[in-house]
>>> print(open('entry_14.txt').read())   # compact mmCIF, C-alpha atoms and all ligand atoms
# COMPACT_ATOMS: atom_id res chain seq x y z
CA MET W 1 -29.47 28.51 -33.14
CA THR W 2 -27.63 28.57 -29.85
CA ARG W 3 -24.63 26.30 -29.58
CA PHE W 4 -23.50 25.34 -26.11
CA VAL W 5 -19.77 25.29 -25.83
CA GLY W 6 -18.65 22.21 -23.92
CA HIS W 7 -17.39 22.47 -20.37
CA GLY W 8 -13.67 22.61 -19.84
CA ARG W 9 -12.50 25.52 -22.00
CA ASP W 10 -10.42 27.35 -19.41
CA GLU W 11 -9.45 30.94 -19.20
CA VAL W 12 -5.70 30.91 -19.73
CA THR W 13 -3.91 31.57 -16.43
CA PRO W 14 -0.48 33.15 -17.03
CA ALA W 15 2.31 30.69 -16.23
CA GLN W 16 3.92 33.02 -13.66
CA GLU W 17 0.76 32.92 -11.51
CA LEU W 18 0.85 29.14 -11.34
CA THR W 19 2.66 26.94 -8.82
CA PRO W 20 4.24 23.85 -10.39
CA VAL W 21 2.62 20.56 -9.30
CA GLU W 22 5.87 19.22 -7.81
CA GLU W 23 6.47 22.41 -5.82
CA HIS W 24 3.04 22.23 -4.15
CA LEU W 25 3.51 18.50 -3.46
CA GLN W 26 6.96 19.05 -1.96
CA ALA W 27 5.65 21.84 0.28
CA ILE W 28 2.96 19.47 1.57
CA LEU W 29 5.43 16.61 2.13
CA ASP W 30 7.81 18.94 3.97
CA SER W 31 5.01 20.01 6.33
CA LEU W 32 4.15 16.52 7.55
CA PRO W 33 5.04 15.55 11.13
CA GLN W 34 6.64 12.17 11.79
CA PRO W 35 4.17 10.09 13.81
CA ASP W 36 5.38 8.39 17.01
CA PRO W 37 5.91 4.65 16.53
CA ILE W 38 3.58 2.22 18.30
CA GLU W 39 3.93 -1.40 19.33
CA LEU W 40 1.38 -3.68 17.68
CA THR W 41 0.75 -7.40 17.51
CA ILE W 42 2.42 -8.78 14.42
CA LEU W 43 -0.88 -9.46 12.64
CA ASP W 44 -1.97 -5.86 13.18
CA ALA W 45 1.42 -4.75 11.86
CA LEU W 46 0.76 -6.40 8.49
CA GLY W 47 1.25 -3.79 5.75
CA LEU W 48 2.77 -1.24 8.14
CA VAL W 49 6.35 0.01 8.09
CA LEU W 50 8.71 -1.15 10.85
CA ALA W 51 10.05 1.69 12.99
CA ALA W 52 13.06 -0.27 14.28
CA ASP W 53 15.23 -3.24 13.29
CA VAL W 54 13.88 -6.55 14.58
CA THR W 55 16.61 -8.82 15.96
CA SER W 56 16.40 -12.25 17.54
CA ASP W 57 18.54 -14.64 19.57
CA ALA W 58 16.61 -17.63 18.27
CA THR W 59 18.07 -20.40 16.13
CA LEU W 60 16.09 -21.86 13.23
CA PRO W 61 15.57 -24.75 12.98
CA PRO W 62 15.95 -24.94 16.75
CA PHE W 63 17.19 -28.59 16.66
CA ALA W 64 18.36 -31.11 14.06
CA ASN W 65 15.32 -32.82 12.54
CA ALA W 66 14.26 -35.00 9.65
CA ALA W 67 13.48 -33.40 6.29
CA MET W 68 11.70 -36.57 5.06
CA ASP W 69 9.73 -39.52 6.38
CA GLY W 70 12.13 -42.48 6.47
CA TYR W 71 14.90 -43.94 8.63
CA ALA W 72 17.47 -42.28 10.83
CA VAL W 73 20.74 -44.08 10.13
CA VAL W 74 24.47 -43.99 10.65
CA ALA W 75 25.71 -43.05 7.18
CA ALA W 76 28.83 -45.22 7.58
CA ASP W 77 26.60 -48.33 7.84
CA LEU W 78 25.44 -47.90 4.24
CA VAL W 79 28.74 -47.51 2.37
CA ASP W 80 28.24 -50.89 0.68
CA ALA W 81 24.57 -50.37 -0.27
CA ARG W 82 23.83 -50.96 -3.98
CA VAL W 83 20.58 -50.83 -5.96
CA ASP W 84 20.43 -54.62 -6.38
CA GLU W 85 22.54 -55.47 -3.32
CA PRO W 86 20.82 -53.70 -0.44
CA VAL W 87 22.23 -53.51 3.07
CA HIS W 88 19.63 -54.83 5.53
CA LEU W 89 19.37 -53.30 8.99
CA PRO W 90 16.94 -53.83 11.89
CA VAL W 91 14.52 -51.13 13.06
CA VAL W 92 14.79 -50.55 16.81
CA GLY W 93 12.21 -47.82 17.33
CA GLU W 94 10.26 -44.88 15.98
CA VAL W 95 10.36 -41.12 16.50
CA VAL W 96 7.54 -38.76 15.51
CA ALA W 97 7.33 -34.95 15.17
CA GLY W 98 6.87 -33.43 18.61
CA ALA W 99 8.68 -36.25 20.43
CA ALA W 100 10.64 -34.91 23.39
CA GLU W 101 13.26 -37.64 23.12
CA ALA W 102 14.28 -40.22 20.57
CA PRO W 103 15.71 -43.76 20.87
CA GLU W 104 19.44 -43.88 20.25
CA VAL W 105 20.70 -45.15 16.91
CA ALA W 106 23.65 -47.46 17.52
CA PRO W 107 25.80 -48.58 14.56
CA GLY W 108 24.01 -51.34 12.65
CA ARG W 109 20.59 -50.18 13.79
CA VAL W 110 18.04 -47.71 12.38
CA VAL W 111 15.04 -45.80 13.78
CA ARG W 112 11.90 -45.01 11.83
CA ILE W 113 11.51 -41.21 11.68
CA MET W 114 8.84 -38.73 10.55
CA THR W 115 9.34 -35.30 8.94
CA GLY W 116 10.11 -32.72 11.64
CA ALA W 117 10.98 -35.31 14.29
CA PRO W 118 14.24 -34.73 16.22
CA LEU W 119 17.21 -36.63 14.84
CA PRO W 120 17.98 -39.45 17.33
CA PRO W 121 21.37 -39.38 19.07
CA GLY W 122 23.91 -41.44 17.13
CA ALA W 123 22.19 -40.96 13.76
CA ASP W 124 23.74 -38.61 11.19
CA ALA W 125 21.48 -39.00 8.16
CA VAL W 126 17.92 -39.78 7.09
CA VAL W 127 17.04 -42.14 4.25
CA PRO W 128 13.64 -41.48 2.62
CA VAL W 129 11.21 -44.37 2.97
CA GLU W 130 10.59 -44.34 -0.82
CA THR W 131 14.18 -45.54 -1.51
CA THR W 132 14.00 -48.49 0.90
CA SER W 133 12.45 -51.95 0.77
CA GLY W 134 11.20 -54.49 3.27
CA ASP W 135 8.94 -54.26 6.26
CA ASP W 136 9.39 -52.74 9.67
CA GLY W 137 11.56 -55.53 10.98
CA GLN W 138 14.42 -55.54 8.44
CA ILE W 139 14.80 -52.64 6.05
CA GLY W 140 16.71 -52.84 2.76
CA PHE W 141 18.84 -49.80 1.91
CA HIS W 142 19.71 -49.57 -1.79
CA ARG W 143 22.03 -46.60 -1.93
CA THR W 144 24.70 -44.87 0.08
CA VAL W 145 23.93 -41.74 2.00
CA ALA W 146 26.13 -38.77 2.93
CA PRO W 147 26.28 -37.61 6.57
CA GLY W 148 23.75 -34.78 7.00
CA GLU W 149 21.59 -35.85 4.07
CA HIS W 150 17.87 -35.11 4.60
CA VAL W 151 18.69 -33.60 7.97
CA ARG W 152 17.69 -30.00 8.74
CA ARG W 153 20.65 -28.52 10.54
CA PRO W 154 20.03 -26.13 13.47
CA GLY W 155 20.79 -22.55 12.42
CA GLU W 156 20.72 -23.26 8.68
CA ASP W 157 17.67 -20.95 8.40
CA LEU W 158 18.63 -18.44 11.07
CA GLU W 159 21.66 -18.00 13.34
CA PRO W 160 21.19 -16.24 16.71
CA GLY W 161 21.75 -12.48 16.87
CA GLN W 162 20.74 -11.70 13.29
CA VAL W 163 18.65 -8.74 12.10
CA LEU W 164 15.46 -10.45 10.95
CA LEU W 165 13.73 -7.42 9.48
CA LYS W 166 15.13 -3.97 8.88
CA SER W 167 13.60 -0.69 9.99
CA GLY W 168 11.66 0.79 7.07
CA ARG W 169 10.43 -2.57 5.79
CA ARG W 170 6.71 -3.05 5.16
CA VAL W 171 5.53 -6.12 7.04
CA GLN W 172 4.55 -8.94 4.66
CA PRO W 173 2.68 -12.18 5.45
CA ALA W 174 5.93 -14.19 5.24
CA ASP W 175 7.45 -11.87 7.87
CA ILE W 176 4.62 -12.89 10.20
CA ALA W 177 5.82 -16.50 9.75
CA LEU W 178 9.40 -15.53 10.59
CA LEU W 179 8.40 -13.48 13.64
CA SER W 180 6.11 -16.28 14.85
CA ALA W 181 8.83 -18.90 14.34
CA VAL W 182 11.23 -16.99 16.62
CA GLY W 183 8.55 -16.06 19.17
CA ILE W 184 8.25 -12.30 18.62
CA PRO W 185 4.59 -11.39 19.22
CA ARG W 186 4.79 -7.59 18.86
CA VAL W 187 6.79 -5.13 16.77
CA LEU W 188 7.36 -1.38 16.75
CA CYS W 189 5.86 0.20 13.66
CA VAL W 190 4.62 3.45 12.13
CA PRO W 191 0.89 3.78 12.86
CA PRO W 192 -1.54 4.52 10.04
CA PRO W 193 -2.34 8.25 10.12
CA ARG W 194 -5.81 9.32 11.25
CA VAL W 195 -7.18 11.54 8.53
CA VAL W 196 -10.22 13.74 9.18
CA VAL W 197 -12.24 14.51 6.06
CA LEU W 198 -14.24 17.74 6.17
CA SER W 199 -16.91 18.37 3.48
CA SER W 200 -18.13 21.92 3.36
CA GLY W 201 -20.95 23.51 1.37
CA ASP W 202 -24.43 24.92 2.03
CA GLU W 203 -25.78 22.89 -0.88
CA LEU W 204 -24.77 19.51 0.54
CA VAL W 205 -26.96 16.88 2.17
CA GLN W 206 -25.94 13.46 3.44
CA ALA W 207 -25.85 10.79 0.75
CA THR W 208 -28.65 8.93 2.58
CA ARG W 209 -31.03 11.95 2.35
CA GLU W 210 -33.30 13.21 -0.39
CA PRO W 211 -31.88 16.55 -1.66
CA GLY W 212 -34.23 19.54 -1.61
CA PRO W 213 -34.31 22.24 -4.30
CA GLY W 214 -30.81 23.40 -5.16
CA GLN W 215 -29.21 20.73 -2.99
CA ILE W 216 -26.92 17.84 -3.94
CA ARG W 217 -25.71 14.80 -2.06
CA ASP W 218 -22.25 14.95 -0.50
CA SER W 219 -20.24 12.58 -2.68
CA ASN W 220 -16.78 13.94 -1.88
CA GLY W 221 -16.93 13.11 1.82
CA PRO W 222 -17.52 9.37 1.29
CA MET W 223 -15.14 9.31 -1.71
CA LEU W 224 -12.28 10.95 0.18
CA ALA W 225 -12.84 8.73 3.23
CA ALA W 226 -12.60 5.74 0.88
CA MET W 227 -9.46 7.14 -0.76
CA VAL W 228 -7.90 7.69 2.69
CA ARG W 229 -8.58 4.07 3.59
CA ALA W 230 -7.29 2.81 0.23
CA ALA W 231 -4.11 4.83 0.80
CA GLY W 232 -3.59 3.12 4.17
CA GLY W 233 -4.91 5.87 6.46
CA ILE W 234 -7.70 5.70 9.04
CA PRO W 235 -10.55 7.95 7.86
CA PHE W 236 -12.82 10.03 10.08
CA THR W 237 -15.46 12.39 8.75
CA THR W 238 -16.76 15.59 10.31
CA GLY W 239 -20.06 15.25 8.49
CA ILE W 240 -21.25 18.12 6.33
CA VAL W 241 -20.19 21.57 7.50
CA PRO W 242 -22.10 24.60 6.20
CA ASP W 243 -20.35 27.58 4.63
CA ASP W 244 -20.17 29.38 7.94
CA ARG W 245 -17.08 30.61 9.79
CA LYS W 246 -18.18 29.45 13.21
CA ALA W 247 -19.34 26.05 12.01
CA LEU W 248 -16.03 25.49 10.20
CA MET W 249 -14.01 26.53 13.26
CA TYR W 250 -16.07 24.26 15.48
CA ALA W 251 -15.50 21.33 13.09
CA PHE W 252 -11.72 21.84 13.10
CA ASP W 253 -11.61 22.39 16.83
CA THR W 254 -13.61 19.32 17.85
CA ASN W 255 -11.64 17.02 15.52
CA LEU W 256 -8.15 18.35 16.18
CA GLY W 257 -7.53 15.89 19.02
CA HIS W 258 -7.68 12.85 16.76
CA ALA W 259 -6.46 14.32 13.46
CA ASP W 260 -2.98 13.59 12.12
CA LEU W 261 -4.10 15.30 8.91
CA PHE W 262 -7.14 17.30 7.80
CA VAL W 263 -8.40 16.93 4.24
CA CYS W 264 -11.06 19.49 3.32
CA THR W 265 -13.18 19.78 0.24
CA GLY W 266 -15.22 22.72 -1.05
CA GLY W 267 -15.02 26.37 -0.20
CA ALA W 268 -11.49 26.62 -1.50
CA SER W 269 -11.73 29.00 -4.41
CA ALA W 270 -12.88 32.57 -5.01
CA GLY W 271 -16.65 32.46 -4.36
CA THR W 272 -18.23 34.65 -1.68
CA ARG W 273 -18.87 31.50 0.37
CA ASP W 274 -15.34 30.16 0.03
CA LEU W 275 -14.32 30.66 3.64
CA LEU W 276 -11.78 27.92 4.20
CA PRO W 277 -8.57 29.90 3.62
CA ASP W 278 -9.78 32.56 6.02
CA VAL W 279 -10.79 30.10 8.72
CA ILE W 280 -7.59 28.04 8.53
CA GLY W 281 -5.57 31.28 8.54
CA ALA W 282 -7.36 32.46 11.66
CA MET W 283 -6.75 29.14 13.46
CA GLY W 284 -3.19 28.54 12.23
CA GLU W 285 -1.35 29.13 9.00
CA VAL W 286 -2.58 28.93 5.42
CA ARG W 287 -1.26 29.24 1.88
CA THR W 288 -3.47 29.22 -1.19
CA ALA W 289 -2.06 28.30 -4.56
CA LYS W 290 -3.11 28.15 -8.15
CA VAL W 291 -1.43 24.91 -9.08
CA ALA W 292 -0.49 24.29 -12.71
CA MET W 293 -2.89 21.41 -13.17
CA LYS W 294 -6.29 20.66 -14.59
CA PRO W 295 -8.53 19.70 -12.96
CA GLY W 296 -7.66 20.87 -9.45
CA MET W 297 -6.09 24.32 -9.84
CA PRO W 298 -7.17 26.00 -6.56
CA GLN W 299 -5.35 24.31 -3.68
CA ILE W 300 -4.89 25.11 -0.01
CA ARG W 301 -2.23 23.93 2.36
CA GLY W 302 -1.84 24.96 5.96
CA ARG W 303 -1.63 23.92 9.55
CA ILE W 304 -3.85 24.10 12.63
CA GLY W 305 -1.81 23.44 15.75
CA GLN W 306 0.61 20.69 14.71
CA THR W 307 -1.87 19.17 12.27
CA PRO W 308 -1.34 19.78 8.56
CA VAL W 309 -4.39 20.76 6.50
CA ILE W 310 -4.86 20.11 2.81
CA GLY W 311 -7.80 21.86 1.11
CA LEU W 312 -9.04 20.43 -2.17
CA PRO W 313 -11.49 21.99 -4.63
CA GLY W 314 -15.13 20.92 -4.30
CA ASN W 315 -15.74 19.63 -7.79
CA PRO W 316 -15.72 15.85 -7.45
CA VAL W 317 -13.28 15.21 -10.29
CA SER W 318 -10.96 17.96 -9.05
CA ALA W 319 -11.11 16.56 -5.53
CA PHE W 320 -10.39 13.05 -6.82
CA VAL W 321 -7.44 14.04 -9.01
CA SER W 322 -5.90 16.36 -6.43
CA PHE W 323 -6.20 13.66 -3.76
CA GLU W 324 -4.26 11.34 -6.08
CA VAL W 325 -1.62 13.95 -6.77
CA PHE W 326 -1.15 15.46 -3.28
CA VAL W 327 -2.96 13.61 -0.50
CA ARG W 328 -2.17 10.00 -1.33
CA PRO W 329 1.59 10.65 -1.37
CA ALA W 330 1.22 12.56 1.92
CA ILE W 331 -0.64 9.69 3.61
CA ARG W 332 1.97 7.22 2.41
CA ARG W 333 4.81 9.45 3.62
CA MET W 334 3.14 9.63 7.05
CA GLN W 335 3.15 5.81 7.07
CA GLY W 336 6.91 5.85 6.57
CA ARG W 337 6.55 4.56 3.04
CA ARG W 338 9.04 5.47 0.36
CA ASP W 339 6.94 4.47 -2.63
CA LEU W 340 4.73 7.53 -2.64
CA THR W 341 3.39 7.50 -6.17
CA ARG W 342 1.49 4.99 -8.23
CA PRO W 343 3.09 2.99 -11.00
CA THR W 344 2.82 4.42 -14.52
CA VAL W 345 2.53 2.78 -17.91
CA THR W 346 3.13 4.17 -21.37
CA ALA W 347 0.09 3.85 -23.60
CA ARG W 348 -0.97 4.80 -27.11
CA ALA W 349 -3.67 7.47 -27.15
CA THR W 350 -6.57 6.17 -29.26
CA GLU W 351 -7.81 9.72 -29.82
CA GLU W 352 -6.43 13.20 -29.41
CA LEU W 353 -5.92 14.24 -25.76
CA ARG W 354 -6.20 17.98 -25.42
CA GLY W 355 -3.74 19.85 -23.25
CA ALA W 356 -4.53 22.73 -20.89
CA PRO W 357 -2.51 25.92 -21.47
CA ASN W 358 0.34 26.19 -18.93
CA LYS W 359 -1.13 23.32 -16.91
CA ARG W 360 -0.65 19.60 -16.58
CA HIS W 361 -3.84 18.00 -17.84
CA PHE W 362 -4.82 14.77 -16.10
CA VAL W 363 -7.16 13.06 -18.56
CA ARG W 364 -9.22 10.21 -17.13
CA VAL W 365 -8.67 7.18 -19.34
CA ARG W 366 -9.63 3.56 -19.68
CA LEU W 367 -6.76 1.21 -20.52
CA ALA W 368 -6.90 -1.78 -22.84
CA ARG W 369 -4.09 -4.22 -23.57
CA GLY W 370 -3.60 -4.85 -27.28
CA ALA W 371 -0.96 -6.51 -29.46
CA GLU W 372 1.08 -3.27 -29.46
CA GLY W 373 0.88 -2.66 -25.70
CA TRP W 374 -1.48 -0.47 -23.73
CA ALA W 375 -4.07 1.79 -25.38
CA ALA W 376 -5.63 4.74 -23.52
CA THR W 377 -9.10 6.09 -24.29
CA PRO W 378 -10.70 9.04 -22.47
CA THR W 379 -13.71 8.08 -20.33
CA GLY W 380 -16.14 10.42 -22.05
CA ALA W 381 -16.90 13.98 -20.96
CA GLN W 382 -14.01 15.39 -18.92
CA GLY W 383 -15.80 18.20 -17.03
CA SER W 384 -14.75 18.45 -13.40
CA HIS W 385 -18.31 17.66 -12.21
CA VAL W 386 -18.58 14.41 -14.24
CA ILE W 387 -18.38 11.68 -11.59
CA THR W 388 -18.83 8.86 -14.12
CA SER W 389 -15.54 9.94 -15.73
CA ILE W 390 -13.59 8.97 -12.61
CA SER W 391 -15.60 5.91 -11.72
CA SER W 392 -14.83 4.30 -15.08
CA ALA W 393 -11.16 5.35 -15.25
CA ASP W 394 -8.21 2.99 -14.94
CA GLY W 395 -5.68 5.78 -14.98
CA LEU W 396 -4.83 9.45 -15.46
CA ALA W 397 -3.13 10.22 -18.78
CA VAL W 398 -0.71 13.09 -18.32
CA VAL W 399 -0.64 15.79 -21.01
CA PRO W 400 2.40 17.88 -20.01
CA GLU W 401 2.21 21.62 -19.29
CA ASP W 402 4.03 22.53 -22.52
CA ARG W 403 1.90 20.47 -24.88
CA ASP W 404 -1.20 21.69 -26.75
CA ALA W 405 -2.29 18.11 -27.24
CA ILE W 406 -1.20 14.51 -27.52
CA ALA W 407 -2.14 13.38 -31.02
CA ALA W 408 -4.11 10.21 -31.68
CA GLY W 409 -1.61 7.37 -32.01
CA GLU W 410 1.04 9.10 -29.89
CA GLN W 411 2.46 7.59 -26.69
CA VAL W 412 1.33 9.08 -23.38
CA ARG W 413 2.28 8.40 -19.77
CA VAL W 414 -0.61 7.09 -17.66
CA GLN W 415 -0.64 7.06 -13.85
CA LEU W 416 -2.51 3.95 -12.78
CA LEU W 417 -5.40 4.30 -10.34
CA VAL W 418 -5.15 0.74 -9.06
CA ASP W 419 -2.38 -0.98 -7.16
CA GLY W 420 -0.73 -4.12 -8.46
P1 LIG W 501 -16.62 24.84 -4.21
O1 LIG W 501 -15.21 24.32 -4.20
O2 LIG W 501 -17.21 24.88 -2.84
O3 LIG W 501 -16.70 26.15 -4.92
O4 LIG W 501 -17.50 23.80 -5.01
C1 LIG W 501 -17.30 23.58 -6.39
C2 LIG W 501 -18.34 22.60 -6.93
O5 LIG W 501 -18.19 21.36 -6.28
C3 LIG W 501 -19.78 23.01 -6.70
O6 LIG W 501 -20.54 22.63 -7.83
C4 LIG W 501 -20.19 22.22 -5.48
O7 LIG W 501 -21.56 21.99 -5.39
C5 LIG W 501 -19.43 20.94 -5.69
N1 LIG W 501 -19.15 20.30 -4.43
C6 LIG W 501 -18.56 20.89 -3.35
N2 LIG W 501 -18.44 20.02 -2.33
C7 LIG W 501 -18.99 18.86 -2.76
C8 LIG W 501 -19.16 17.59 -2.15
N3 LIG W 501 -18.76 17.35 -0.89
N4 LIG W 501 -19.75 16.60 -2.87
C9 LIG W 501 -20.14 16.85 -4.15
N5 LIG W 501 -19.99 18.02 -4.77
C10 LIG W 501 -19.43 19.02 -4.10
MG MG W 502 -18.84 25.68 -1.97
>>> encode(input="entry_14.txt", output="structure tokens")
Amino acid sequence: MTRFVGHGRDEVTPAQELTPVEEHLQAILDSLPQPDPIELTILDALGLVLAADVTSDATLPPFANAAMDGYAVVAADLVDARVDEPVHLPVVGEVVAGAAEAPEVAPGRVVRIMTGAPLPPGADAVVPVETTSGDDGQIGFHRTVAPGEHVRRPGEDLEPGQVLLKSGRRVQPADIALLSAVGIPRVLCVPPPRVVVLSSGDELVQATREPGPGQIRDSNGPMLAAMVRAAGGIPFTTGIVPDDRKALMYAFDTNLGHADLFVCTGGASAGTRDLLPDVIGAMGEVRTAKVAMKPGMPQIRGRIGQTPVIGLPGNPVSAFVSFEVFVRPAIRRMQGRRDLTRPTVTARATEELRGAPNKRHFVRVRLARGAEGWAATPTGAQGSHVITSISSADGLAVVPEDRDAIAAGEQVRVQLLVDG
């Protein structure tokens, strides 16, 4: 009886032939150009990194105004007010939010005031309507009030000449409020990089087509475009490029003008049709590496003109994992972000996680929260062609290079695949 040995039993690559994961990542990060900042409307800047400090000469609040609905008073008039012995004062007018001017408050008089309305001249405090009695003619005040109470002082939020937001900050929704409040409509920020995804392979057809004999649908192109967008980049796709020197060169050439980064998939390893290293080398510079990781060992990095090129293996799981490990940090770096990697959690392995000799094994796992913290379970077959294993994963459990396995019950570090 023939027994099929499961996919994933690698030939052992000697450690000295392998490039450490961090070394390949660092080489990619070092090759990235710094994009020129652009000025965008503040809403379009949401989520982007500021390229310069934002300062303002505005004062917030811009004028003294009421923090409560009530009465604008002269605090000194109420020194004798007691809960059961109120001071009664006449109302001489009303001021609402948006009023350009307010009636003056002379000693012994009060003005009815709404939240946000300018404090009338002469008044120095606001008494909330809830603590008063009587009707609009004569109001009873039952407690004393300190000067400035329930008054929003100009400048208490923001003094003129302050740095509102520092260069390097990622614009948050609350920042949009601050910028709007001081009248800054546009800010200088780091633009999202335009990332051109190139899928290559004679066997590929568009996902919308019916594959012929020997053909498969291009799943990496759409996946990588989605991963680019999820990482904050702007994805473009070349469409499917056949394993042909001229076609590959044409695809690079016609997309160079709008590419801040090329991400290629397929054609990266040692097959007779693996032309990418050659083509990139002919058009610019290229380095191939056997990176100490599984999946995703064969990697390419290079440059065409000023545009960096990252070449990922064609197997969907390898492409997915190597995007996570190399391309996502690169896209975030190009956005000026400092948090390049995903958060990790420590989880208990519910079954043995096999290592890969001399390589870091990224095992696709599902995470569950139990009484003793997180538990990580592999998402079934781990072959590098098994697309369901990435679709159902919450994270990548990391079996280090020097470990044969993580035993069932042992703790393992898991890189999350979702943000927040
Ligand atoms: P390659 O890196 O070109 O040697 O391809 C390795 C494996 O990945 C082969 O089984 C290819 O058919 C598959 N593959 C390559 N590119 C894609 C793609 N864009 N979508 C899905 N599978 C692919
Ligand atoms: Mg191929």
>>> residues_around(input="entry_14.txt", residues="region 39-52 of chain W", least_positions_apart="5", cutoff="6 Å", atoms="all atoms listed in the file", output="ChimeraX atom specification")
/W:167-172,185-190
>>> residues_around(input="entry_14.txt", residues="Gly148 (chain W)", least_positions_apart="4", cutoff="12 Å", atoms="all atoms listed in the file", output="ChimeraX atom specification")
/W:64-67,72-76,119,123-127,152-154
>>> closest_atom_pairs(input="entry_14.txt", of="chain W", to="ligand MG 502 (chain W)", cutoff="10 Å", atoms="only C-alpha atoms and all ligand atoms", output="JSON lines")
{"residue": "W:Ser199", "atom": "CA", "partner": "W:MG502", "partner_atom": "MG", "distance": 9.3}
{"residue": "W:Ser200", "atom": "CA", "partner": "W:MG502", "partner_atom": "MG", "distance": 6.6}
{"residue": "W:Gly201", "atom": "CA", "partner": "W:MG502", "partner_atom": "MG", "distance": 4.5}
{"residue": "W:Asp202", "atom": "CA", "partner": "W:MG502", "partner_atom": "MG", "distance": 6.9}
{"residue": "W:Glu203", "atom": "CA", "partner": "W:MG502", "partner_atom": "MG", "distance": 7.6}
{"residue": "W:Leu204", "atom": "CA", "partner": "W:MG502", "partner_atom": "MG", "distance": 8.9}
{"residue": "W:Pro242", "atom": "CA", "partner": "W:MG502", "partner_atom": "MG", "distance": 8.9}
{"residue": "W:Asp243", "atom": "CA", "partner": "W:MG502", "partner_atom": "MG", "distance": 7.0}
{"residue": "W:Thr265", "atom": "CA", "partner": "W:MG502", "partner_atom": "MG", "distance": 8.5}
{"residue": "W:Gly266", "atom": "CA", "partner": "W:MG502", "partner_atom": "MG", "distance": 4.8}
{"residue": "W:Gly267", "atom": "CA", "partner": "W:MG502", "partner_atom": "MG", "distance": 4.3}
{"residue": "W:Ala268", "atom": "CA", "partner": "W:MG502", "partner_atom": "MG", "distance": 7.4}
{"residue": "W:Ser269", "atom": "CA", "partner": "W:MG502", "partner_atom": "MG", "distance": 8.2}
{"residue": "W:Ala270", "atom": "CA", "partner": "W:MG502", "partner_atom": "MG", "distance": 9.6}
{"residue": "W:Gly271", "atom": "CA", "partner": "W:MG502", "partner_atom": "MG", "distance": 7.5}
{"residue": "W:Thr272", "atom": "CA", "partner": "W:MG502", "partner_atom": "MG", "distance": 9.0}
{"residue": "W:Arg273", "atom": "CA", "partner": "W:MG502", "partner_atom": "MG", "distance": 6.3}
{"residue": "W:Asp274", "atom": "CA", "partner": "W:MG502", "partner_atom": "MG", "distance": 6.0}
{"residue": "W:Leu275", "atom": "CA", "partner": "W:MG502", "partner_atom": "MG", "distance": 8.8}
{"residue": "W:Leu276", "atom": "CA", "partner": "W:MG502", "partner_atom": "MG", "distance": 9.6}
{"residue": "W:Pro313", "atom": "CA", "partner": "W:MG502", "partner_atom": "MG", "distance": 8.6}
{"residue": "W:Gly314", "atom": "CA", "partner": "W:MG502", "partner_atom": "MG", "distance": 6.5}
{"residue": "W:Asn315", "atom": "CA", "partner": "W:MG502", "partner_atom": "MG", "distance": 8.9}
>>> atom_distance(input="entry_14.txt", atom1="atom O2 of ligand LIG 501 (chain W)", atom2="CA of Asp218 (chain W)")
11.4 Å
>>> closest_residue(input="entry_14.txt", among="W:Leu179, W:Ala97, W:Ile387, W:Ala81", to="ligand LIG 501 (chain W)", atoms="only C-alpha atoms and all ligand atoms")
W:Ile387
>>> closest_residue(input="entry_14.txt", among="W:Val398, W:Ala319, W:Ala259, W:Val92", to="ligand LIG 501 (chain W)", atoms="only C-alpha atoms and all ligand atoms")
W:Ala319
>>> axis_aligned_box(input="entry_14.txt", around="region 378-394 of chain W", padding_each_side="5 Å", output="lines of an AutoDock Vina configuration file")
center_x = -13.5
center_y = 10.7
center_z = -17.0
size_x = 20.6
size_y = 25.5
size_z = 20.9
>>> atom_distance(input="entry_14.txt", atom1="atom N2 of ligand LIG 501 (chain W)", atom2="CA of Val414 (chain W)")
26.8 Å
>>> closest_residue(input="entry_14.txt", among="W:Ala393, W:Met223, W:Ala99, W:Ile280", to="ligand LIG 501 (chain W)", atoms="all atoms listed in the file")
W:Met223
>>> closest_residue(input="entry_14.txt", among="W:Thr377, W:Gln138, W:Ser392, W:Gln299", to="ligand LIG 501 (chain W)", atoms="all atoms listed in the file")
W:Gln299
>>> closest_residue(input="entry_14.txt", among="W:Ala347, W:Ala356, W:Leu367, W:Ala225", to="ligand LIG 501 (chain W)", atoms="all atoms listed in the file")
W:Ala225
>>> closest_residue(input="entry_14.txt", among="W:Arg364, W:Arg245, W:Arg217, W:Arg82", to="ligand LIG 501 (chain W)", atoms="only C-alpha atoms and all ligand atoms")
W:Arg217
>>> atom_distance(input="entry_14.txt", atom1="CA of Val241 (chain W)", atom2="atom N5 of ligand LIG 501 (chain W)")
12.8 Å
>>> residues_near_point(input="entry_14.txt", point="(-7.3, 1.8, -15.4)", cutoff="12 Å", atoms="all atoms listed in the file", output="count of residues only")
34
>>> residues_around(input="entry_14.txt", residues="Gly239 (chain W)", least_positions_apart="4", cutoff="9 Å", atoms="only C-alpha atoms", output="VMD selection string")
chain W and resid 197 to 200 206 221 251
>>> residues_around(input="entry_14.txt", residues="Gly409 (chain W)", least_positions_apart="2", cutoff="10 Å", atoms="only C-alpha atoms", output="ChimeraX atom specification")
/W:347-352,375-376,406-407,411-412
>>> residues_around(input="entry_14.txt", residues="Gly98 (chain W)", least_positions_apart="3", cutoff="10 Å", atoms="only C-alpha atoms", output="number ranges by chain")
W: 95, 101, 114, 116-118
>>> write_last_selection(input="entry_14.txt", atoms="C-alpha atoms", output="PDB file, keeping the file's coordinate frame")
ATOM      1  CA  VAL W  95      10.360 -41.120  16.500  1.00  0.00           C
ATOM      2  CA  GLU W 101      13.260 -37.640  23.120  1.00  0.00           C
ATOM      3  CA  MET W 114       8.840 -38.730  10.550  1.00  0.00           C
ATOM      4  CA  GLY W 116      10.110 -32.720  11.640  1.00  0.00           C
ATOM      5  CA  ALA W 117      10.980 -35.310  14.290  1.00  0.00           C
ATOM      6  CA  PRO W 118      14.240 -34.730  16.220  1.00  0.00           C
TER       7      PRO W 118
END
